[in-house]
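run_20.tsv, holding TSV, C-alpha atoms and all ligand atoms:
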chain	number	residue	atom	x	y	z
J	1	MET	CA	95.69	99.90	85.57
J	2	SER	CA	98.37	97.53	86.77
J	3	LYS	CA	97.15	94.00	87.13
J	4	PRO	CA	98.70	91.67	89.68
J	5	ILE	CA	101.07	89.02	88.44
J	6	LYS	CA	99.71	85.56	89.04
J	7	GLN	CA	101.03	82.03	89.06
J	8	ASN	CA	102.62	80.20	86.15
J	9	ARG	CA	100.46	79.22	83.28
J	10	MET	CA	99.42	75.60	83.20
J	11	ASP	CA	96.57	74.08	81.34
J	12	ARG	CA	94.04	72.42	83.67
J	13	ARG	CA	92.68	70.30	80.86
J	14	SER	CA	96.01	68.85	79.84
J	15	PHE	CA	96.64	68.14	83.51
J	16	ILE	CA	93.35	66.23	83.76
J	17	GLY	CA	94.24	64.35	80.56
J	18	LYS	CA	97.62	63.36	81.93
J	19	THR	CA	96.36	62.14	85.27
J	20	SER	CA	93.65	60.09	83.66
J	21	ILE	CA	96.36	57.75	82.33
J	22	ALA	CA	95.82	55.72	85.45
J	23	LEU	CA	99.01	53.70	85.48
J	24	ALA	CA	100.57	55.13	88.60
J	25	GLY	CA	99.38	54.06	92.02
J	26	ILE	CA	96.57	55.98	93.69
J	27	ALA	CA	98.95	57.55	96.20
J	28	ALA	CA	101.31	58.77	93.50
J	29	LEU	CA	98.39	60.16	91.54
J	30	LYS	CA	97.08	61.95	94.57
J	31	SER	CA	100.33	63.65	95.37
J	32	GLN	CA	100.86	64.55	91.72
J	33	ALA	CA	97.34	65.97	91.53
J	34	PHE	CA	97.95	67.98	94.64
J	35	ALA	CA	101.21	69.42	93.41
J	36	MET	CA	99.84	70.26	89.97
J	37	ALA	CA	96.53	71.66	91.18
J	38	ALA	CA	98.51	74.02	93.36
J	39	GLU	CA	100.19	75.48	90.28
J	40	SER	CA	97.27	75.20	87.88
J	41	VAL	CA	96.24	78.38	86.14
J	42	GLY	CA	93.32	80.24	87.62
J	43	LEU	CA	90.66	82.39	85.98
J	44	ALA	CA	92.41	85.62	86.97
J	45	GLU	CA	95.46	84.58	84.97
J	46	LEU	CA	93.36	83.54	81.98
J	47	TYR	CA	91.59	86.91	81.95
J	48	LYS	CA	94.53	89.04	83.02
J	49	ASP	CA	94.59	91.02	79.78
J	50	ASP	CA	90.85	91.65	79.90
J	51	PHE	CA	89.67	92.58	83.38
J	52	TYR	CA	90.04	91.68	87.02
J	53	ILE	CA	88.26	88.54	88.12
J	54	GLY	CA	86.98	89.06	91.63
J	55	ALA	CA	85.22	87.25	94.41
J	56	ALA	CA	83.35	88.40	97.45
J	57	PHE	CA	83.68	86.32	100.57
J	58	GLY	CA	82.57	86.36	104.17
J	59	GLY	CA	84.73	87.30	107.13
J	60	ARG	CA	84.45	83.80	108.58
J	61	ILE	CA	86.89	82.51	105.98
J	62	LEU	CA	89.49	84.94	107.30
J	63	MET	CA	88.66	84.56	110.98
J	64	ASN	CA	88.85	80.74	110.71
J	65	ASN	CA	91.87	80.97	108.46
J	66	ASP	CA	90.07	78.59	106.09
J	67	GLU	CA	93.08	77.56	104.05
J	68	GLU	CA	91.13	75.63	101.47
J	69	MET	CA	88.93	78.60	100.57
J	70	LEU	CA	91.77	81.08	100.83
J	71	GLY	CA	93.78	78.86	98.51
J	72	ILE	CA	91.00	78.89	95.91
J	73	ILE	CA	90.68	82.65	96.22
J	74	LYS	CA	94.42	83.17	95.75
J	75	ARG	CA	94.53	80.86	92.76
J	76	GLU	CA	91.41	82.01	90.91
J	77	PHE	CA	90.90	85.68	91.67
J	78	ASN	CA	92.87	88.92	91.60
J	79	SER	CA	90.25	91.19	93.11
J	80	ILE	CA	88.42	90.76	96.40
J	81	SER	CA	85.30	92.24	97.97
J	82	SER	CA	84.16	91.68	101.50
J	83	GLU	CA	80.60	90.35	101.53
J	84	ASN	CA	79.44	92.18	104.66
J	85	ASP	CA	82.27	93.48	106.82
J	86	PHE	CA	82.66	96.98	105.42
J	87	LYS	CA	78.96	97.75	105.58
J	88	TRP	CA	78.03	100.48	108.03
J	89	ALA	CA	76.41	98.21	110.62
J	90	SER	CA	79.44	95.90	110.67
J	91	ILE	CA	82.23	98.42	110.73
J	92	GLN	CA	80.63	101.24	112.73
J	93	PRO	CA	77.82	99.59	114.70
J	94	SER	CA	77.13	102.74	116.70
J	95	ASP	CA	78.16	106.39	116.52
J	96	ASP	CA	81.35	106.06	118.54
J	97	GLU	CA	82.22	102.41	117.98
J	98	TRP	CA	84.33	101.03	115.16
J	99	ARG	CA	85.24	97.41	114.45
J	100	PHE	CA	88.30	96.75	112.38
J	101	GLU	CA	89.47	93.26	113.24
J	102	VAL	CA	88.19	91.26	110.30
J	103	GLN	CA	88.44	94.30	108.02
J	104	ASP	CA	92.15	94.65	108.76
J	105	LYS	CA	92.62	90.95	108.06
J	106	PHE	CA	90.85	91.40	104.73
J	107	VAL	CA	93.14	94.26	103.72
J	108	LYS	CA	96.22	92.38	104.88
J	109	PHE	CA	95.19	89.34	102.86
J	110	GLY	CA	94.72	91.57	99.83
J	111	LEU	CA	98.08	93.27	100.24
J	112	ASP	CA	99.93	90.01	100.94
J	113	ASN	CA	98.51	88.50	97.78
J	114	ASN	CA	98.74	91.52	95.50
J	115	MET	CA	94.97	91.68	95.10
J	116	HIS	CA	92.89	94.55	93.80
J	117	MET	CA	90.53	95.44	96.67
J	118	LEU	CA	87.01	96.77	96.92
J	119	GLY	CA	85.40	98.49	99.84
J	120	HIS	CA	81.71	97.59	99.84
J	121	CYS	CA	80.06	99.91	100.66
J	122	LEU	CA	80.17	103.39	102.19
J	123	VAL	CA	76.58	104.59	101.96
J	124	TRP	CA	73.50	102.37	101.65
J	125	HIS	CA	70.00	102.25	103.10
J	126	SER	CA	70.40	98.62	104.23
J	127	GLN	CA	72.63	97.04	106.87
J	128	VAL	CA	72.96	100.26	108.82
J	129	PRO	CA	72.73	100.49	112.61
J	130	ARG	CA	69.33	101.41	114.03
J	131	SER	CA	70.85	104.45	115.72
J	132	LEU	CA	72.11	105.98	112.46
J	133	PHE	CA	68.98	107.93	111.64
J	134	ARG	CA	68.24	108.88	115.28
J	135	ASP	CA	69.60	111.65	117.46
J	136	ALA	CA	70.81	111.18	121.03
J	137	ASP	CA	67.20	111.43	122.30
J	138	GLY	CA	65.96	108.78	119.92
J	139	ASN	CA	64.12	111.20	117.64
J	140	GLN	CA	64.63	111.39	113.89
J	141	ILE	CA	67.98	113.03	113.33
J	142	SER	CA	68.26	116.48	111.76
J	143	LYS	CA	69.82	117.08	108.37
J	144	GLU	CA	72.89	118.65	110.01
J	145	GLY	CA	73.21	115.72	112.40
J	146	LEU	CA	73.10	113.14	109.62
J	147	LEU	CA	75.53	115.10	107.47
J	148	LYS	CA	77.97	115.05	110.37
J	149	LYS	CA	77.65	111.27	110.70
J	150	LEU	CA	78.05	110.83	106.95
J	151	ASP	CA	81.20	112.97	106.85
J	152	TYR	CA	82.71	111.20	109.83
J	153	HIS	CA	81.96	107.72	108.49
J	154	VAL	CA	83.26	108.27	104.96
J	155	LEU	CA	86.35	110.26	105.93
J	156	THR	CA	87.38	107.88	108.73
J	157	LEU	CA	86.96	104.77	106.65
J	158	VAL	CA	88.47	105.91	103.38
J	159	ASP	CA	91.35	107.58	105.19
J	160	LYS	CA	92.11	104.48	107.25
J	161	TYR	CA	92.51	102.34	104.16
J	162	LYS	CA	93.95	105.06	101.93
J	163	GLY	CA	96.43	103.74	99.41
J	164	LYS	CA	95.38	100.15	100.18
J	165	MET	CA	91.76	99.87	99.16
J	166	ASN	CA	91.77	100.42	95.40
J	167	ALA	CA	88.10	101.15	94.93
J	168	TRP	CA	84.96	101.92	96.92
J	169	ASP	CA	81.31	101.34	96.23
J	170	VAL	CA	80.61	104.84	97.47
J	171	VAL	CA	76.83	104.68	97.19
J	172	ASN	CA	74.81	101.50	96.82
J	173	GLU	CA	71.24	101.25	95.45
J	174	ALA	CA	70.09	104.87	95.60
J	175	ILE	CA	68.42	105.10	92.19
J	176	GLU	CA	65.20	103.48	91.05
J	177	GLU	CA	63.54	103.25	87.68
J	178	ARG	CA	61.44	106.32	88.14
J	179	GLY	CA	63.74	108.47	90.24
J	180	TRP	CA	65.72	108.37	93.41
J	181	ARG	CA	64.94	105.84	96.11
J	182	ASN	CA	62.97	107.44	98.91
J	183	SER	CA	65.45	106.33	101.57
J	184	ASN	CA	66.27	107.99	104.86
J	185	TRP	CA	69.26	109.54	103.08
J	186	VAL	CA	67.06	111.35	100.61
J	187	ARG	CA	64.31	112.12	103.14
J	188	ILE	CA	66.64	113.63	105.71
J	189	ILE	CA	69.47	115.11	103.63
J	190	GLY	CA	68.09	115.28	100.10
J	191	LYS	CA	69.63	114.03	96.85
J	192	GLU	CA	72.88	115.80	97.62
J	193	PHE	CA	73.89	113.08	100.10
J	194	MET	CA	75.24	111.21	97.11
J	195	GLU	CA	77.58	113.85	95.72
J	196	ARG	CA	78.67	114.64	99.26
J	197	ALA	CA	79.74	111.01	99.74
J	198	PHE	CA	81.69	111.00	96.46
J	199	ASN	CA	83.38	114.33	97.25
J	200	LEU	CA	84.35	113.17	100.73
J	201	ALA	CA	85.72	109.85	99.54
J	202	HIS	CA	87.79	111.65	96.94
J	203	GLU	CA	89.06	114.12	99.49
J	204	ALA	CA	90.13	111.30	101.80
J	205	ASP	CA	91.88	109.30	99.07
J	206	PRO	CA	92.31	111.11	95.75
J	207	ASN	CA	93.65	107.93	94.14
J	208	ALA	CA	90.73	105.69	95.05
J	209	HIS	CA	88.44	104.60	92.23
J	210	LEU	CA	84.89	105.63	93.13
J	211	ILE	CA	81.87	103.61	92.06
J	212	TYR	CA	78.09	103.91	92.05
J	213	ASN	CA	76.64	100.39	92.43
J	214	ASP	CA	73.12	99.04	91.87
J	215	TYR	CA	70.95	96.04	90.89
J	216	ASN	CA	68.45	95.61	88.01
J	217	MET	CA	70.72	97.79	85.91
J	218	ASP	CA	69.38	96.23	82.72
J	219	LYS	CA	66.11	98.14	83.19
J	220	LYS	CA	65.85	101.08	80.87
J	221	GLY	CA	64.47	103.43	83.51
J	222	LYS	CA	67.36	102.74	85.82
J	223	ARG	CA	69.93	102.95	83.04
J	224	ASP	CA	68.60	106.37	82.02
J	225	GLN	CA	68.54	107.66	85.59
J	226	VAL	CA	72.11	106.50	86.20
J	227	VAL	CA	73.33	108.01	82.94
J	228	GLU	CA	71.65	111.29	83.86
J	229	MET	CA	73.35	111.27	87.26
J	230	VAL	CA	76.74	110.55	85.67
J	231	LYS	CA	76.34	113.36	83.13
J	232	ASP	CA	75.35	115.74	85.91
J	233	PHE	CA	78.30	114.68	88.11
J	234	LYS	CA	80.74	115.07	85.24
J	235	LYS	CA	79.38	118.50	84.39
J	236	ARG	CA	79.74	119.66	87.97
J	237	GLY	CA	83.13	118.01	88.55
J	238	ILE	CA	81.97	115.50	91.14
J	239	PRO	CA	84.44	112.61	91.16
J	240	ILE	CA	82.88	109.39	89.90
J	241	HIS	CA	84.93	106.81	88.03
J	242	GLY	CA	82.92	103.67	87.69
J	243	ILE	CA	79.48	102.11	87.61
J	244	GLY	CA	78.81	98.77	89.23
J	245	LEU	CA	76.17	96.45	87.87
J	246	GLN	CA	75.51	93.94	90.64
J	247	GLY	CA	74.51	91.11	88.34
J	248	HIS	CA	72.25	88.96	90.50
J	249	VAL	CA	70.72	87.26	87.50
J	250	GLY	CA	68.84	84.10	86.59
J	251	LEU	CA	68.78	81.63	83.73
J	252	ASP	CA	66.00	83.51	81.97
J	253	TYR	CA	66.37	87.06	83.20
J	254	PRO	CA	67.36	89.71	82.47
J	255	ASP	CA	67.22	90.03	78.71
J	256	LEU	CA	70.95	90.18	78.04
J	257	ARG	CA	70.48	92.70	75.24
J	258	GLU	CA	69.20	95.12	77.86
J	259	PHE	CA	72.04	94.26	80.24
J	260	GLU	CA	74.49	94.92	77.42
J	261	ALA	CA	72.77	98.19	76.53
J	262	SER	CA	73.43	99.41	80.06
J	263	ILE	CA	77.08	98.35	79.97
J	264	LYS	CA	77.44	100.25	76.71
J	265	ALA	CA	75.59	103.33	77.98
J	266	PHE	CA	77.83	103.58	81.06
J	267	ALA	CA	80.98	102.94	79.03
J	268	ASP	CA	79.90	105.61	76.53
J	269	GLU	CA	79.84	108.09	79.40
J	270	GLY	CA	83.51	107.28	80.03
J	271	MET	CA	82.78	105.22	83.11
J	272	LYS	CA	84.71	102.09	83.96
J	273	VAL	CA	82.21	99.25	84.16
J	274	HIS	CA	82.27	96.76	87.03
J	275	ILE	CA	80.19	93.64	87.34
J	276	THR	CA	80.22	93.65	91.11
J	277	GLU	CA	78.09	90.81	92.46
J	278	LEU	CA	77.65	88.20	89.78
J	279	ASP	CA	75.66	85.06	90.52
J	280	VAL	CA	73.18	83.11	88.42
J	281	THR	CA	70.33	81.50	90.31
J	282	VAL	CA	68.96	78.29	88.77
J	283	LEU	CA	65.91	78.16	91.02
J	284	PRO	CA	62.33	78.83	89.96
J	285	TYR	CA	60.56	81.92	91.25
J	286	ASP	CA	57.04	83.23	91.35
J	287	TRP	CA	57.88	86.79	92.26
J	288	GLY	CA	59.18	89.90	90.52
J	289	ARG	CA	62.95	89.96	90.56
J	290	THR	CA	64.81	92.15	93.02
J	291	ALA	CA	68.00	92.26	95.03
J	292	GLU	CA	66.45	94.47	97.70
J	293	ILE	CA	67.67	92.52	100.70
J	294	SER	CA	64.64	93.22	102.88
J	295	THR	CA	62.56	90.97	100.59
J	296	ASN	CA	61.71	87.69	102.31
J	297	ARG	CA	59.44	84.97	100.90
J	298	GLU	CA	57.87	82.16	102.88
J	299	TYR	CA	59.47	78.79	102.12
J	300	ALA	CA	57.78	76.66	99.45
J	301	ALA	CA	59.23	73.24	98.59
J	302	SER	CA	57.97	73.59	95.01
J	303	LEU	CA	60.44	76.44	94.58
J	304	ASN	CA	63.33	74.34	95.88
J	305	PRO	CA	63.55	71.48	93.36
J	306	TYR	CA	67.27	70.56	93.38
J	307	THR	CA	68.00	69.54	96.96
J	308	GLU	CA	69.56	66.26	95.76
J	309	GLY	CA	71.83	67.79	93.13
J	310	LEU	CA	71.65	69.79	89.93
J	311	PRO	CA	70.21	67.89	86.93
J	312	LYS	CA	72.57	67.71	83.95
J	313	ASP	CA	70.35	69.79	81.67
J	314	VAL	CA	70.13	72.64	84.20
J	315	ASP	CA	73.88	72.46	84.80
J	316	LYS	CA	74.34	72.86	81.05
J	317	LYS	CA	71.95	75.84	80.97
J	318	LEU	CA	73.93	77.44	83.77
J	319	ALA	CA	77.22	77.02	81.91
J	320	ASP	CA	75.66	78.39	78.71
J	321	ARG	CA	74.30	81.39	80.57
J	322	TYR	CA	77.70	82.17	82.05
J	323	VAL	CA	79.26	81.92	78.59
J	324	GLU	CA	76.72	84.36	77.15
J	325	LEU	CA	77.48	86.79	79.95
J	326	PHE	CA	81.24	86.50	79.57
J	327	LYS	CA	81.02	87.01	75.81
J	328	ILE	CA	79.38	90.35	76.52
J	329	PHE	CA	81.98	91.24	79.15
J	330	LEU	CA	84.77	90.43	76.72
J	331	LYS	CA	83.15	92.52	74.01
J	332	TYR	CA	83.42	95.53	76.34
J	333	ARG	CA	86.83	94.62	77.72
J	334	ASP	CA	88.21	98.12	77.09
J	335	SER	CA	85.76	99.61	79.57
J	336	MET	CA	85.20	96.53	81.71
J	337	GLU	CA	87.39	96.91	84.78
J	338	ARG	CA	86.32	93.89	86.75
J	339	VAL	CA	83.93	90.96	87.01
J	340	THR	CA	83.35	89.92	90.61
J	341	PHE	CA	81.36	86.86	91.69
J	342	TRP	CA	79.25	87.25	94.80
J	343	GLY	CA	80.83	84.31	96.53
J	344	VAL	CA	83.08	81.40	95.64
J	345	SER	CA	81.18	78.15	96.28
J	346	ASP	CA	77.49	77.28	96.19
J	347	ASP	CA	77.30	76.21	99.84
J	348	GLN	CA	78.25	79.72	100.95
J	349	SER	CA	76.07	81.73	98.57
J	350	TRP	CA	73.54	84.21	99.96
J	351	LYS	CA	71.16	82.94	97.26
J	352	ASN	CA	70.44	79.83	99.35
J	353	ASN	CA	68.58	82.20	101.66
J	354	PHE	CA	67.42	85.00	99.42
J	355	PRO	CA	64.71	85.87	98.75
J	356	MET	CA	63.51	82.64	100.36
J	357	ARG	CA	65.34	81.00	103.22
J	358	GLY	CA	66.55	77.40	103.20
J	359	ARG	CA	66.83	76.57	99.50
J	360	THR	CA	69.61	74.78	97.64
J	361	ASP	CA	70.89	77.02	94.88
J	362	TYR	CA	73.82	76.63	92.46
J	363	PRO	CA	74.74	80.16	91.42
J	364	LEU	CA	78.56	80.15	91.63
J	365	LEU	CA	81.63	78.61	90.02
J	366	PHE	CA	82.50	76.07	92.72
J	367	ASP	CA	80.23	73.33	94.04
J	368	ARG	CA	79.47	72.25	97.58
J	369	GLU	CA	82.67	70.17	97.64
J	370	HIS	CA	84.53	73.28	96.45
J	371	LYS	CA	85.30	71.71	93.08
J	372	PRO	CA	85.04	73.76	89.88
J	373	LYS	CA	81.71	73.26	88.08
J	374	SER	CA	80.95	73.07	84.37
J	375	CYS	CA	80.28	76.80	84.32
J	376	TYR	CA	83.85	77.32	85.58
J	377	ASP	CA	85.22	75.16	82.76
J	378	ALA	CA	83.06	76.97	80.21
J	379	ILE	CA	84.30	80.40	81.30
J	380	ALA	CA	87.90	79.18	81.33
J	381	ALA	CA	87.47	77.57	77.89
J	382	LEU	CA	86.55	80.94	76.39
J	383	LYS	CA	90.14	82.00	76.97
J	384	LYS	CA	91.92	78.85	75.87
B	401	LIG	C1	74.15	90.41	100.93
B	401	LIG	C2	75.09	89.40	101.58
B	401	LIG	O1	75.55	88.52	100.59
B	401	LIG	C3	74.37	88.64	102.68
B	401	LIG	O2	75.29	87.82	103.39
B	401	LIG	C4	73.69	89.61	103.63
B	401	LIG	O3	72.93	88.89	104.57
B	401	LIG	C5	72.80	90.58	102.89
B	401	LIG	O4	73.56	91.26	101.90
B	401	LIG	N1	73.27	93.68	97.13
B	401	LIG	C6	74.41	94.10	97.78
B	401	LIG	C7	75.09	93.17	98.73
B	401	LIG	O5	74.92	95.19	97.48
B	401	LIG	O6	75.71	93.85	99.77
B	401	LIG	C8	74.13	92.14	99.27
B	401	LIG	O7	74.88	91.21	100.04
B	401	LIG	C9	73.39	91.46	98.15
B	401	LIG	C10	72.55	92.46	97.37
Let me see the file written as structure tokens.
Ligand code: XIL
Amino acid sequence: MSKPIKQNRMDRRSFIGKTSIALAGIAALKSQAFAMAAESVGLAELYKDDFYIGAAFGGRILMNNDEEMLGIIKREFNSISSENDFKWASIQPSDDEWRFEVQDKFVKFGLDNNMHMLGHCLVWHSQVPRSLFRDADGNQISKEGLLKKLDYHVLTLVDKYKGKMNAWDVVNEAIEERGWRNSNWVRIIGKEFMERAFNLAHEADPNAHLIYNDYNMDKKGKRDQVVEMVKDFKKRGIPIHGIGLQGHVGLDYPDLREFEASIKAFADEGMKVHITELDVTVLPYDWGRTAEISTNREYAASLNPYTEGLPKDVDKKLADRYVELFKIFLKYRDSMERVTFWGVSDDQSWKNNFPMRGRTDYPLLFDREHKPKSCYDAIAALKK
């Protein structure tokens, strides 16, 4: 795996120490801070011998050419995922319509900046167009009809970005704790939709790294089901190279020993391990945890306690939690290919609206002013 070369090393802490000697005028300090921040070392550089450090971001950042956010992404990350734009409903909103504008910008940004790139995701039960599971008359589509659409979608997309997109989440969220998810894919095609997608993706780009991605991967049932699928795929020569653990976690869940057990189980099967959508919610909940995006809770102010800012003790818990997670990732660095955050700054996180709309959450590394938080410093400090 060749990792992109990043900017010159420079210690953020020593920079902060130097600028705090407040003898120079404010203007001089400001311009010095600007110049030095621009060269300061990012997380990707700190972790370059361990694994890729990635971020997902929304297409708006590219469409608006948001230089501030793009600057942070270039400095801190060496792998990128698009938060929504490669999902079926975004990229192929109907059978004969493709949209590539923002997607092409994403790939160009990745190429221009020597980024490792993820296509998220080829086959999923969510964020698909209504017409996908219908035939031309509006009836449920036949197995043959859906196979045709699947083939066309996967081949077109993987071929278009062949040699550019390094990896694909080929199938997202198809396995549950007690068996396969009873999605339209399984109901109409059967379990073989999954291997078909992997085979097609491999056919279209034999060099692409192919991933199965899911949430709640710490759960034993899910771990066992995924391991069984991997063993079966390996035995039958179906190309699968990596397992993605989404990593939408909280301060007190999951039990990190279970999360680690899954990382180990997948690594033991020879899979590269990807943490694909890391964020740590600090908000209270009174529901069972899930990342199933159709979940929607009615707003309750009691479950939105930090609208005025994050209390120091919770901020500390968040940093500690991130450190615990990163210690595990580092322990498995030989199999760990990548750790991707599901967003860059708290203001843009999907967690503000999931599974309850309109809350103020603090799950990411950068705050609402786009400044690095204590959890950022804690993760960086592990490598200094
Ligand atoms: C989320 C996006 O972050 C939101 O913007 C969108 O409204 C819903 O989907 N698991 C996944 C991601 O695999 O694609 C989801 O992303 C979060 C859960």
Which chain J residues have any atom within 9 Å of an atom of ligand LIG 401 (chain B), and for each, what is the nearest pair of atoms with distance in Å to one decimal, counting only C-alpha atoms and all ligand atoms, rows sorted by chain and number, as a tab-separated table?
residue	atom	partner	partner_atom	distance
J:Ala56	CA	B:LIG401	O1	8.4
J:Phe57	CA	B:LIG401	O1	8.4
J:Gly58	CA	B:LIG401	O2	7.5
J:Ser82	CA	B:LIG401	O6	8.9
J:Glu83	CA	B:LIG401	O1	5.5
J:Asn84	CA	B:LIG401	C2	6.0
J:Lys87	CA	B:LIG401	O6	7.7
J:His120	CA	B:LIG401	O6	7.1
J:Cys121	CA	B:LIG401	O6	7.5
J:Trp124	CA	B:LIG401	O5	8.4
J:Ser126	CA	B:LIG401	O4	8.3
J:Gln127	CA	B:LIG401	C5	7.6
J:Asp169	CA	B:LIG401	O5	9.0
J:Asn172	CA	B:LIG401	O5	6.3
J:Glu173	CA	B:LIG401	O5	7.4
J:Asn213	CA	B:LIG401	O5	7.4
J:Asp214	CA	B:LIG401	O5	7.0
J:Tyr215	CA	B:LIG401	N1	7.1
J:Gln246	CA	B:LIG401	N1	6.9
J:His248	CA	B:LIG401	C10	7.7
J:Thr276	CA	B:LIG401	O5	8.4
J:Glu277	CA	B:LIG401	C6	7.3
J:Thr290	CA	B:LIG401	C10	8.9
J:Ala291	CA	B:LIG401	C10	5.1
J:Glu292	CA	B:LIG401	C10	6.4
J:Ile293	CA	B:LIG401	C5	5.9
J:Ser294	CA	B:LIG401	C5	8.6
J:Trp342	CA	B:LIG401	O1	7.0
J:Gly343	CA	B:LIG401	O1	7.9
J:Gln348	CA	B:LIG401	O2	9.0
J:Ser349	CA	B:LIG401	O1	7.1
J:Trp350	CA	B:LIG401	O1	4.8
J:Lys351	CA	B:LIG401	O1	7.8
J:Asn353	CA	B:LIG401	O3	8.5
J:Phe354	CA	B:LIG401	O3	8.5
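In this comparison, which uses all atoms listed in the file, the residue of J:Glu45, J:Arg223, J:Met229, J:Glu298 approaching J:Ala261 most closely is J:Arg223.
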Separation of atom CA of J:Lys222 from atom CA of J:Ile188 in Å:
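Computed distance, atom CA of J:Ile188 to atom CA of J:Lys222, equals 22.7 Å.
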Record the distance separating atom CA of J:Pro284 and atom CA of J:Asp361, expressed in Å with one decimal.
10.0 Å
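Take the candidates J:Gly190, J:Gly42, J:Gly59, J:Pro355 and check each one against J:Thr295 using only C-alpha atoms; the shortest distance goes to J:Pro355.
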Skipping near chain neighbours, those fewer than 2 positions away, what residues fall within 12 Å of J:Asn78 using all atoms listed in the file, listed as a VMD selection string?
chain J and resid 2 to 7 42 to 48 51 to 56 72 to 76 80 to 81 109 to 118 337 to 341
Figure out the distance between atom CA of J:Arg333 and atom CA of J:Val226, please, to one decimal in Å.
20.7 Å
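Nearest residue to J:Val230 among J:Met194, J:Leu251, J:Ser335, J:Asn207 is J:Met194, counting only C-alpha atoms.
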